[in-house]
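**Student:** Pasting a structure below so you can have a look.
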Amino acid sequence: MAINLYFVRHGQTFLNKYHRIQGLSNAPLTEKGINDGIAAGKRLSQIEFNAAYSSDMQRAIDTAKYILKENSSEIKTPTVSTAFREENFGYFEGSDDQSVWHMIGSPKGANTFNEMIDKFSMEKVVDMIAAADPYGDAETNQDIYDRFMPGLKDVISKANDNDNVLIVAHGTLIRWLVSQFDKSINVADSPKNGGVTKLVANGDNDIKVEFFNKVD
């Protein structure tokens with residue numbers, strides 16, 4: 001039983017453009033962001049989706065609609081799930097990203113988010129951010145696992161053999177999920193807006209990453 005899971009990062013938002021941290025906070029898509037969604041839809045236009053999901057963030061919902069508009073599937077609106085939300089960055093939501101990553105990472109020898117992931121692993125960095133949040137609101141690695149994995153299993157359980165499933169989610173979450181299933185892939189490089197990552201599931205316990213962050 002093979003189920004094709006196409007994860008797409010949402011299009012660029014204004015907070016992305018201004019290099020602001022964006023987890024549970026939300027900003028509308030820029031013109032480029034709209035085009036990111038349309039371009040992803042065109043690249044995936046030959047794949048008829050049997051189901052479509054997005055996180056409950058408006059940027060993901062809107063991107064999913066642009067993708068589905070280009071698709072031959074009758075599905076034009078995604079099923080919304082909190083499982084596919086971006087990481088909650090707590091106190092650091094909306095902050096200048098370079099300043100935050102420098103503050104958290106530089107004492108440990110890593111000045112950027114990508115350097116932190118490369119040096120410590122995706123999972124460890126999530127916990128580093130949570131530990132640095134003075135309010136204790138940022139998600140831990142276990143929090144993301146407990147939120148995401150039941151949602152993924154639910155999607156798989158509802159699919160049929162050879163189904164194609166679209167899931168529009170977020171950059172850090174996509175890095176995190178790839179790290180769960182394939183440690184050989186370098187997730188220190190951020191998924192591009194509109195980038196496509198494909199996983200193939202043969203049941204809950206046999207999930208493989210076919211490719212990561214494609215924009216061609």
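Numbering starts fresh at 1 for the residues of each chain in the structure tokens, the chains themselves are lettered A, B, ... in the order given, and ligands are numbered from 1 as they appear.
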Could you give me, as a short mmCIF file (atom, residue, chain, number, x, y, z; two decimals) with C-alpha atoms, in the first residue's frame, the residues within 6 Å of segment 77-91 of chain A, counting only C-alpha atoms and dropping anything in the same chain fewer than 6 positions from it?
**Tutor:**
```cif
data_model
loop_
_atom_site.label_atom_id
_atom_site.label_comp_id
_atom_site.auth_asym_id
_atom_site.auth_seq_id
_atom_site.Cartn_x
_atom_site.Cartn_y
_atom_site.Cartn_z
CA GLY A 23 5.01 30.35 13.55
CA LEU A 24 1.52 30.82 14.99
CA ALA A 52 -5.78 17.83 0.09
CA TYR A 53 -4.90 19.22 3.50
CA SER A 54 -3.34 22.36 4.91
CA SER A 55 -2.48 23.79 8.28
CA ASP A 56 -5.03 26.15 9.79
CA LYS A 65 -6.19 26.93 -3.03
CA ASP A 133 11.61 31.32 25.69
CA ASP A 137 5.16 29.05 25.28
CA ALA A 138 7.44 27.78 22.49
CA GLU A 139 6.93 24.16 21.48
CA ARG A 147 0.82 17.20 17.50
CA PHE A 148 2.09 16.17 14.08
CA GLY A 151 -2.37 14.04 12.12
CA ALA A 169 2.49 23.27 5.56
CA HIS A 170 5.48 25.30 6.74
CA LEU A 173 7.74 21.77 10.13
#
```
**Student:** Got a sec to tell me which of segment 42-129 of chain A DSSP assigns to strand (DSSP E), as a ChimeraX atom specification?
**Tutor:** /A:51-54,79-80
**Student:** With N, CA, C and O atoms retained, export the selected residues as a PDB file, in the first residue's frame.
**Tutor:**
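Once everything was written out, this is again.pdb:
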```pdb
ATOM      1  N   ALA A  51      -6.814  13.735  -2.182  1.00  0.00           N
ATOM      2  CA  ALA A  51      -7.135  14.439  -0.940  1.00  0.00           C
ATOM      3  C   ALA A  51      -6.179  15.620  -0.816  1.00  0.00           C
ATOM      4  O   ALA A  51      -5.074  15.590  -1.364  1.00  0.00           O
ATOM      5  N   ALA A  52      -6.624  16.650  -0.108  1.00  0.00           N
ATOM      6  CA  ALA A  52      -5.783  17.832   0.085  1.00  0.00           C
ATOM      7  C   ALA A  52      -5.994  18.377   1.493  1.00  0.00           C
ATOM      8  O   ALA A  52      -7.134  18.491   1.961  1.00  0.00           O
ATOM      9  N   TYR A  53      -4.883  18.700   2.141  1.00  0.00           N
ATOM     10  CA  TYR A  53      -4.898  19.222   3.501  1.00  0.00           C
ATOM     11  C   TYR A  53      -4.007  20.467   3.580  1.00  0.00           C
ATOM     12  O   TYR A  53      -3.120  20.671   2.756  1.00  0.00           O
ATOM     13  N   SER A  54      -4.257  21.269   4.604  1.00  0.00           N
ATOM     14  CA  SER A  54      -3.339  22.363   4.908  1.00  0.00           C
ATOM     15  C   SER A  54      -3.378  22.590   6.406  1.00  0.00           C
ATOM     16  O   SER A  54      -4.275  22.110   7.108  1.00  0.00           O
ATOM     17  N   THR A  79      -8.728  20.367   3.359  1.00  0.00           N
ATOM     18  CA  THR A  79      -9.166  20.061   4.712  1.00  0.00           C
ATOM     19  C   THR A  79      -8.138  20.648   5.670  1.00  0.00           C
ATOM     20  O   THR A  79      -6.932  20.416   5.514  1.00  0.00           O
ATOM     21  N   VAL A  80      -8.591  21.411   6.629  1.00  0.00           N
ATOM     22  CA  VAL A  80      -7.695  22.141   7.523  1.00  0.00           C
ATOM     23  C   VAL A  80      -7.388  21.309   8.771  1.00  0.00           C
ATOM     24  O   VAL A  80      -8.283  20.712   9.362  1.00  0.00           O
TER      25      VAL A  80
END
```
**Student:** Run DSSP on the backbone of this structure and report the residues of segment 108-212 of chain A it assigns to helix (DSSP H, G or I), as a ChimeraX atom specification.
**Tutor:** /A:108,113-120,122-132,141-158,171-181
**Student:** Using only C-alpha atoms, which of A:Ser157, A:Thr172, A:Asn164, A:Gln12 sits nearest Asp204 of chain A?
**Tutor:**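 Using only C-alpha atoms, the shortest distance to Asp204 of chain A belongs to A:Ser157.
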**Student:** As a count of residues only, please: the residues near Arg175 of chain A (cut-off 10 Å, only C-alpha atoms, same-chain neighbours under 5 positions excluded).
**Tutor:** 15
**Student:** I'd like the neighbourhood of Asp36 of chain A as a ChimeraX atom specification, where a residue qualifies if any of its atoms comes within 12 Å (using only C-alpha atoms), though same-chain residues fewer than 5 positions away should be ignored.
**Tutor:** /A:8-13,29-31,41-43,59-60,62-67,192-196,215
**Student:** When you count only C-alpha atoms, which of these residues is closest to Ile207 of chain A: A:Ile47, A:Leu166, A:Val100, A:Ala2?
**Tutor:**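 Of all the options, A:Ala2 lies closest to Ile207 of chain A.
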